[in-house]
>>> print(open('coords_1.tsv').read())   # TSV, C-alpha atoms
chain	number	residue	atom	x	y	z
A	1	MET	CA	-24.78	13.34	0.98
A	2	ASN	CA	-22.66	10.38	-0.16
A	3	LYS	CA	-20.28	8.65	2.19
A	4	VAL	CA	-16.60	9.47	1.69
A	5	ASN	CA	-14.08	6.63	1.55
A	6	HIS	CA	-11.45	7.72	4.06
A	7	ASN	CA	-8.97	5.01	3.06
A	8	ASP	CA	-7.72	7.20	0.21
A	9	GLU	CA	-6.05	10.60	0.35
A	10	LEU	CA	-8.77	13.18	0.75
A	11	VAL	CA	-9.13	15.98	-1.81
A	12	ILE	CA	-11.15	19.04	-0.79
A	13	ILE	CA	-12.21	21.32	-3.64
A	14	LEU	CA	-13.19	24.83	-2.55
A	15	ALA	CA	-16.01	25.89	-4.87
A	16	ALA	CA	-18.42	28.04	-2.86
A	17	GLY	CA	-17.86	31.42	-4.51
A	18	ILE	CA	-20.31	33.34	-6.69
A	19	GLY	CA	-17.96	33.87	-9.65
A	20	SER	CA	-19.18	37.42	-10.24
A	21	ARG	CA	-16.61	38.12	-12.98
A	22	LEU	CA	-18.05	35.25	-15.03
A	23	LYS	CA	-21.57	36.65	-15.06
A	24	PRO	CA	-23.99	36.07	-16.77
A	25	LEU	CA	-22.72	32.46	-16.98
A	26	THR	CA	-22.74	32.14	-13.21
A	27	ASP	CA	-26.25	33.52	-12.80
A	28	ASP	CA	-27.53	29.96	-13.17
A	29	LEU	CA	-24.39	27.90	-12.57
A	30	PRO	CA	-21.78	27.55	-9.84
A	31	LYS	CA	-18.48	28.88	-11.13
A	32	CYS	CA	-16.93	25.42	-11.16
A	33	LEU	CA	-19.58	24.12	-13.60
A	34	VAL	CA	-18.94	26.78	-16.25
A	35	PRO	CA	-18.04	24.85	-19.41
A	36	VAL	CA	-14.53	25.17	-20.80
A	37	SER	CA	-13.88	23.61	-24.20
A	38	GLY	CA	-17.26	21.90	-23.95
A	39	LYS	CA	-16.84	20.37	-20.49
A	40	PRO	CA	-17.58	21.72	-17.00
A	41	LEU	CA	-14.50	23.13	-15.29
A	42	LEU	CA	-14.97	20.79	-12.32
A	43	SER	CA	-15.22	17.77	-14.59
A	44	LEU	CA	-11.89	18.67	-16.19
A	45	SER	CA	-10.15	19.28	-12.87
A	46	THR	CA	-11.45	16.07	-11.26
A	47	ALA	CA	-10.38	14.12	-14.34
A	48	GLN	CA	-6.81	15.28	-13.74
A	49	LEU	CA	-7.05	14.41	-10.04
A	50	LYS	CA	-8.25	10.92	-10.86
A	51	LYS	CA	-5.40	10.44	-13.34
A	52	ALA	CA	-3.11	11.25	-10.40
A	53	GLY	CA	-4.74	8.47	-8.37
A	54	LEU	CA	-7.07	10.65	-6.31
A	55	GLU	CA	-10.65	9.40	-6.18
A	56	ASN	CA	-11.77	10.55	-2.72
A	57	ILE	CA	-13.06	14.03	-3.59
A	58	LEU	CA	-15.18	16.32	-1.45
A	59	VAL	CA	-16.53	19.60	-2.85
A	60	ILE	CA	-17.34	22.58	-0.63
A	61	GLY	CA	-20.21	24.30	-2.41
A	62	GLY	CA	-22.12	27.49	-1.86
A	63	HIS	CA	-23.59	29.38	-4.80
A	64	LYS	CA	-26.00	27.05	-6.66
A	65	CYS	CA	-24.77	24.21	-4.46
A	66	GLU	CA	-27.73	22.00	-5.33
A	67	MET	CA	-26.47	21.71	-8.92
A	68	LEU	CA	-23.25	20.08	-7.69
A	69	GLU	CA	-25.28	17.51	-5.77
A	70	LYS	CA	-27.39	16.79	-8.85
A	71	GLU	CA	-24.19	16.15	-10.81
A	72	GLY	CA	-23.30	13.47	-8.27
A	73	TYR	CA	-20.48	15.21	-6.44
A	74	ASN	CA	-19.96	14.61	-2.74
A	75	VAL	CA	-20.80	18.05	-1.35
A	76	VAL	CA	-20.66	19.94	1.92
A	77	GLN	CA	-22.31	23.34	1.87
A	78	ASN	CA	-20.97	26.64	3.09
A	79	SER	CA	-24.30	28.38	3.59
A	80	GLU	CA	-22.42	31.58	4.51
A	81	TYR	CA	-20.64	31.74	1.16
A	82	GLN	CA	-21.86	35.28	0.42
A	83	ASN	CA	-20.18	36.61	3.56
A	84	SER	CA	-17.07	34.45	3.87
A	85	ASN	CA	-14.02	33.25	2.00
A	86	MET	CA	-12.05	30.07	1.30
A	87	VAL	CA	-10.64	29.45	4.77
A	88	TRP	CA	-14.11	29.52	6.29
A	89	SER	CA	-15.33	27.23	3.52
A	90	LEU	CA	-12.55	24.80	4.43
A	91	THR	CA	-13.72	24.70	8.05
A	92	LYS	CA	-16.97	23.15	6.80
A	93	ALA	CA	-14.98	19.98	6.08
A	94	ILE	CA	-13.45	19.78	9.56
A	95	ASP	CA	-15.40	16.67	10.58
A	96	TYR	CA	-14.26	14.87	7.43
A	97	ILE	CA	-10.68	15.89	8.15
A	98	LYS	CA	-10.94	14.81	11.80
A	99	ASN	CA	-12.25	11.36	10.86
A	100	ALA	CA	-10.04	10.80	7.82
A	101	SER	CA	-7.62	7.87	8.06
A	102	CYS	CA	-5.35	9.23	5.32
A	103	GLU	CA	-2.04	10.87	6.19
A	104	TYR	CA	-2.48	13.84	3.85
A	105	VAL	CA	-5.23	16.13	2.59
A	106	LEU	CA	-4.97	17.91	-0.74
A	107	VAL	CA	-6.78	21.27	-0.90
A	108	HIS	CA	-7.65	22.44	-4.42
A	109	TYR	CA	-9.31	25.67	-5.53
A	110	GLY	CA	-12.46	25.12	-7.56
A	111	ASP	CA	-11.53	27.50	-10.39
A	112	ILE	CA	-8.31	25.84	-11.52
A	113	ILE	CA	-7.32	22.86	-13.63
A	114	VAL	CA	-3.93	21.32	-12.88
A	115	SER	CA	-2.21	18.67	-14.97
A	116	HIS	CA	-2.12	15.27	-13.29
A	117	ARG	CA	1.65	15.27	-13.82
A	118	ASN	CA	1.95	18.33	-11.59
A	119	ILE	CA	-0.35	16.79	-8.99
A	120	LEU	CA	1.83	13.67	-8.98
A	121	LEU	CA	4.88	15.86	-8.31
A	122	LEU	CA	3.12	17.22	-5.25
A	123	ARG	CA	2.06	13.76	-4.07
A	124	GLU	CA	5.58	12.40	-4.38
A	125	ARG	CA	6.91	14.77	-1.74
A	126	GLY	CA	6.72	14.00	1.97
A	127	GLU	CA	6.80	17.45	3.59
A	128	GLU	CA	4.14	18.14	6.19
A	129	PHE	CA	2.94	21.20	4.26
A	130	SER	CA	3.74	21.83	0.61
A	131	LEU	CA	2.20	23.67	-2.33
A	132	LEU	CA	2.59	23.88	-6.08
A	133	ALA	CA	4.20	27.03	-7.47
A	134	ASP	CA	4.56	27.91	-11.15
A	135	LYS	CA	7.91	29.26	-12.32
A	136	ARG	CA	6.40	29.89	-15.76
A	137	TRP	CA	3.64	32.12	-14.34
A	138	LYS	CA	4.55	35.22	-16.35
A	139	GLU	CA	3.80	33.55	-19.67
A	140	LEU	CA	0.30	32.61	-18.55
A	141	TRP	CA	-0.44	35.96	-16.93
A	142	GLN	CA	0.70	37.87	-20.04
A	143	LEU	CA	-1.73	35.78	-22.07
A	144	ARG	CA	-4.53	36.55	-19.64
A	145	MET	CA	-4.11	40.30	-19.12
A	146	THR	CA	-2.16	43.37	-20.21
A	147	TYR	CA	-1.36	44.78	-16.77
A	148	TYR	CA	-0.54	41.47	-15.14
A	149	LEU	CA	1.46	42.85	-12.20
A	150	SER	CA	-1.74	44.30	-10.74
A	151	ASP	CA	-3.09	40.76	-10.35
A	152	VAL	CA	-0.13	38.70	-9.12
A	153	GLU	CA	1.02	38.53	-5.50
A	154	THR	CA	4.36	38.15	-3.77
A	155	PHE	CA	6.01	34.77	-3.47
A	156	LYS	CA	9.33	34.85	-1.62
A	157	THR	CA	11.47	32.01	-0.36
A	158	LYS	CA	14.58	31.47	1.73
A	159	GLN	CA	16.53	28.22	1.55
A	160	ASN	CA	13.65	26.72	-0.45
A	161	LYS	CA	11.09	27.49	2.24
A	162	LEU	CA	8.26	29.95	1.71
A	163	ILE	CA	8.62	33.14	3.76
A	164	GLU	CA	6.12	35.53	2.14
A	165	LEU	CA	2.94	35.00	0.19
A	166	GLY	CA	-0.02	37.02	-1.02
A	167	LYS	CA	1.19	40.61	-0.59
A	168	LYS	CA	0.86	43.42	-3.14
A	169	VAL	CA	3.65	43.40	-5.71
A	170	ASN	CA	5.84	46.47	-6.14
A	171	ASP	CA	8.74	44.68	-7.82
A	172	GLU	CA	8.45	41.72	-10.18
A	173	ASN	CA	11.49	40.20	-8.46
A	174	ASP	CA	9.22	39.59	-5.46
A	175	VAL	CA	7.32	37.02	-7.53
A	176	GLU	CA	9.65	34.04	-7.56
A	177	ALA	CA	6.75	31.83	-8.65
A	178	GLN	CA	2.94	31.87	-8.70
A	179	TYR	CA	0.93	30.21	-5.95
A	180	MET	CA	-1.72	28.26	-7.81
A	181	GLY	CA	-4.31	27.34	-5.22
A	182	ILE	CA	-3.33	23.73	-4.54
A	183	ILE	CA	-1.71	22.56	-1.32
A	184	ARG	CA	-0.94	19.21	0.33
A	185	ILE	CA	-0.83	19.08	4.09
A	186	GLU	CA	-0.68	16.44	6.81
A	187	THR	CA	-4.21	15.64	7.95
A	188	LYS	CA	-3.47	16.14	11.65
A	189	LEU	CA	-1.82	19.49	11.01
A	190	LEU	CA	-4.72	20.76	8.90
A	191	TYR	CA	-7.21	19.69	11.56
A	192	GLN	CA	-5.19	21.50	14.21
A	193	MET	CA	-4.92	24.68	12.15
A	194	LEU	CA	-8.63	24.76	11.36
A	195	SER	CA	-9.61	24.00	14.97
A	196	GLU	CA	-7.47	26.89	16.17
A	197	PHE	CA	-8.93	29.14	13.50
A	198	LYS	CA	-12.51	28.28	14.46
A	199	ALA	CA	-11.69	28.91	18.12
A	200	GLU	CA	-10.23	32.30	17.20
A	201	VAL	CA	-13.43	33.21	15.36
A	202	ASP	CA	-15.56	32.16	18.35
A	203	GLU	CA	-13.37	33.97	20.86
A	204	ASN	CA	-13.25	37.26	18.94
A	205	PRO	CA	-16.85	38.22	18.06
A	206	GLY	CA	-15.79	41.75	17.14
A	207	ASP	CA	-13.41	40.38	14.48
A	208	SER	CA	-15.40	37.31	13.50
A	209	GLN	CA	-16.58	38.69	10.17
A	210	LYS	CA	-13.09	39.82	9.22
A	211	LEU	CA	-11.73	36.38	10.11
A	212	ARG	CA	-14.45	34.62	8.09
A	213	ASN	CA	-13.28	36.64	5.09
A	214	MET	CA	-9.63	35.59	5.49
A	215	PHE	CA	-7.86	34.68	2.25
A	216	MET	CA	-6.09	31.34	2.02
A	217	THR	CA	-2.80	33.14	1.38
A	218	ASP	CA	-3.20	35.03	4.67
A	219	PHE	CA	-3.98	31.75	6.45
A	220	ILE	CA	-0.78	30.22	5.08
A	221	GLN	CA	1.24	33.35	5.90
A	222	LYS	CA	-0.06	33.28	9.46
A	223	TYR	CA	1.21	29.73	9.80
A	224	ILE	CA	4.61	30.75	8.41
A	225	ASP	CA	4.83	33.72	10.77
A	226	ARG	CA	4.31	31.37	13.71
A	227	GLY	CA	7.31	29.33	12.61
A	228	GLY	CA	5.57	26.81	10.36
A	229	ILE	CA	7.45	25.42	7.38
A	230	VAL	CA	5.83	25.48	3.93
A	231	THR	CA	7.76	23.92	1.05
A	232	PRO	CA	7.17	25.04	-2.55
A	233	ILE	CA	7.12	22.36	-5.25
A	234	TYR	CA	8.03	24.10	-8.48
A	235	ILE	CA	6.46	23.42	-11.86
A	236	ASN	CA	6.68	25.02	-15.30
A	237	GLY	CA	3.16	25.57	-16.58
A	238	GLY	CA	0.55	22.86	-17.05
A	239	TRP	CA	-2.40	24.53	-15.33
A	240	LEU	CA	-4.94	27.31	-15.77
A	241	GLU	CA	-7.22	29.50	-13.68
A	242	LEU	CA	-10.71	30.53	-14.80
A	243	ASP	CA	-11.62	33.86	-13.30
A	244	THR	CA	-13.10	36.06	-16.03
A	245	LEU	CA	-14.94	35.94	-19.34
A	246	ASP	CA	-11.67	36.97	-20.99
A	247	ASP	CA	-10.01	33.90	-19.48
A	248	LEU	CA	-12.73	31.73	-20.95
A	249	SER	CA	-12.32	33.29	-24.39
A	250	LEU	CA	-8.57	32.72	-24.20
A	251	TYR	CA	-8.87	29.06	-23.31
A	252	GLU	CA	-11.54	28.45	-25.90
A	253	SER	CA	-9.45	30.04	-28.64
A	254	SER	CA	-6.28	28.29	-27.50
A	255	LYS	CA	-7.62	24.83	-26.76
A	256	GLY	CA	-5.31	23.32	-29.35
A	257	ASP	CA	-2.30	25.19	-28.02
A	258	THR	CA	0.32	23.06	-26.29
A	259	TYR	CA	0.04	25.25	-23.18
A	260	PHE	CA	-3.57	24.21	-22.55
A	261	LYS	CA	-4.09	21.11	-24.69
A	262	GLU	CA	-3.39	18.46	-22.09
A	263	ILE	CA	-5.46	19.91	-19.27
A	264	LEU	CA	-8.43	20.76	-21.48
A	265	SER	CA	-8.61	17.26	-22.95
A	266	GLY	CA	-10.05	15.78	-19.75
>>> encode(input="coords_1.tsv", output="structure tokens")
Amino acid sequence: MNKVNHNDELVIILAAGIGSRLKPLTDDLPKCLVPVSGKPLLSLSTAQLKKAGLENILVIGGHKCEMLEKEGYNVVQNSEYQNSNMVWSLTKAIDYIKNASCEYVLVHYGDIIVSHRNILLLRERGEEFSLLADKRWKELWQLRMTYYLSDVETFKTKQNKLIELGKKVNDENDVEAQYMGIIRIETKLLYQMLSEFKAEVDENPGDSQKLRNMFMTDFIQKYIDRGGIVTPIYINGGWLELDTLDDLSLYESSKGDTYFKEILSG
């Protein structure tokens, strides 16, 4: 494993999942290495991160993790990837977070590409915990699927602070924006949250498997419910999520479209 330079803001890319809805492409590849417009998804997303001044990138791998290492990425493995979710994957980076000298950590899902301009918007803000949220989400989701409300989740705010995230949607008005899977959080706060989470898993063996399968949205909501403040940073498009073969077909057919052009150009 390569040594991480802790002088720069740390980016942690969560890329341990199997990517079952992209089979058969993910039979032999990690989801984040599936090619989009001729380039691996991870290559495109890291290119945008680097344009935003972020070079210190750590990938949490799982499925076909060895292929990420062969590609030269700095990788920590979640060997329990088949029986856990993103929050548990993030705990695998806890030693890096503990020893990091940077003030902030940026957490980035492995199946998204976000324009460097949007990442810069997030980096410009000084809140202890913030996340990107797309106001233009409906346009993208209508391109991706017919019954889009079955896929989106609630996003509610009060006085520009997030109060609800990740619940089932009954009314489109409950989706003020779309959480994209990219957050920026003070390093000390993230270390504290993950340490408490790991302790909870250890102290509750009967619920340990359920906790290991916790979604990131539930982890964030838990923090909010305890009085934590999460600030949304709003954008209008300039990102994509690769989840299905239909998504891939859409992006391939639309690679010249202004909606995707910038982020698919690398």
>>> atom_distance(input="coords_1.tsv", atom1="atom CA of A:Phe215", atom2="atom CA of A:Ile185")
17.2 Å
>>> residues_around(input="coords_1.tsv", residues="A:Glu153", least_positions_apart="3", cutoff="6 Å", atoms="only C-alpha atoms", output="CSV table (one decimal) with C-alpha atoms, keeping the file's coordinate frame")
chain,number,residue,atom,x,y,z
A,166,GLY,CA,0.0,37.0,-1.0
A,167,LYS,CA,1.2,40.6,-0.6
A,168,LYS,CA,0.9,43.4,-3.1
A,169,VAL,CA,3.6,43.4,-5.7
>>> residues_around(input="coords_1.tsv", residues="stretch 27-43 of chain A", least_positions_apart="3", cutoff="6 Å", atoms="all atoms listed in the file", output="number ranges by chain")
A: 19, 24, 46, 63-64, 110-111, 252
>>> write_last_selection(input="coords_1.tsv", atoms="C-alpha atoms", output="CSV table (one decimal), in the coordinates of the input")
chain,number,residue,atom,x,y,z
A,19,GLY,CA,-18.0,33.9,-9.6
A,24,PRO,CA,-24.0,36.1,-16.8
A,46,THR,CA,-11.4,16.1,-11.3
A,63,HIS,CA,-23.6,29.4,-4.8
A,64,LYS,CA,-26.0,27.0,-6.7
A,110,GLY,CA,-12.5,25.1,-7.6
A,111,ASP,CA,-11.5,27.5,-10.4
A,252,GLU,CA,-11.5,28.4,-25.9
>>> closest_residue(input="coords_1.tsv", among="A:Met86, A:Leu162, A:Val201, A:Ile18", to="A:Pro232", atoms="only C-alpha atoms")
A:Leu162
>>> atom_distance(input="coords_1.tsv", atom1="atom CA of A:Val11", atom2="atom CA of A:Glu66")
19.9 Å
>>> atom_distance(input="coords_1.tsv", atom1="atom CA of A:Gly206", atom2="atom CA of A:Leu189")
27.0 Å
>>> closest_residue(input="coords_1.tsv", among="A:Leu245, A:Val59, A:Ile94, A:Met180", to="A:Val152", atoms="all atoms listed in the file")
A:Met180
>>> closest_residue(input="coords_1.tsv", among="A:Ala16, A:Leu44, A:Leu121, A:Leu25", to="A:Tyr81", atoms="all atoms listed in the file")
A:Ala16
>>> closest_atom_pairs(input="coords_1.tsv", of="stretch 209-244 of chain A", to="stretch 259-265 of chain A", cutoff="10 Å", atoms="all atoms listed in the file", output="tab-separated table")
residue	atom	partner	partner_atom	distance
A:Gly237	CA	A:Tyr259	CA	7.3
A:Gly238	CA	A:Tyr259	CA	6.6
A:Trp239	CA	A:Ile263	CA	6.8
A:Leu240	CA	A:Phe260	CA	7.6
>>> closest_residue(input="coords_1.tsv", among="A:Leu149, A:Leu250, A:Leu68, A:Cys102", to="A:Asn170", atoms="all atoms listed in the file")
A:Leu149
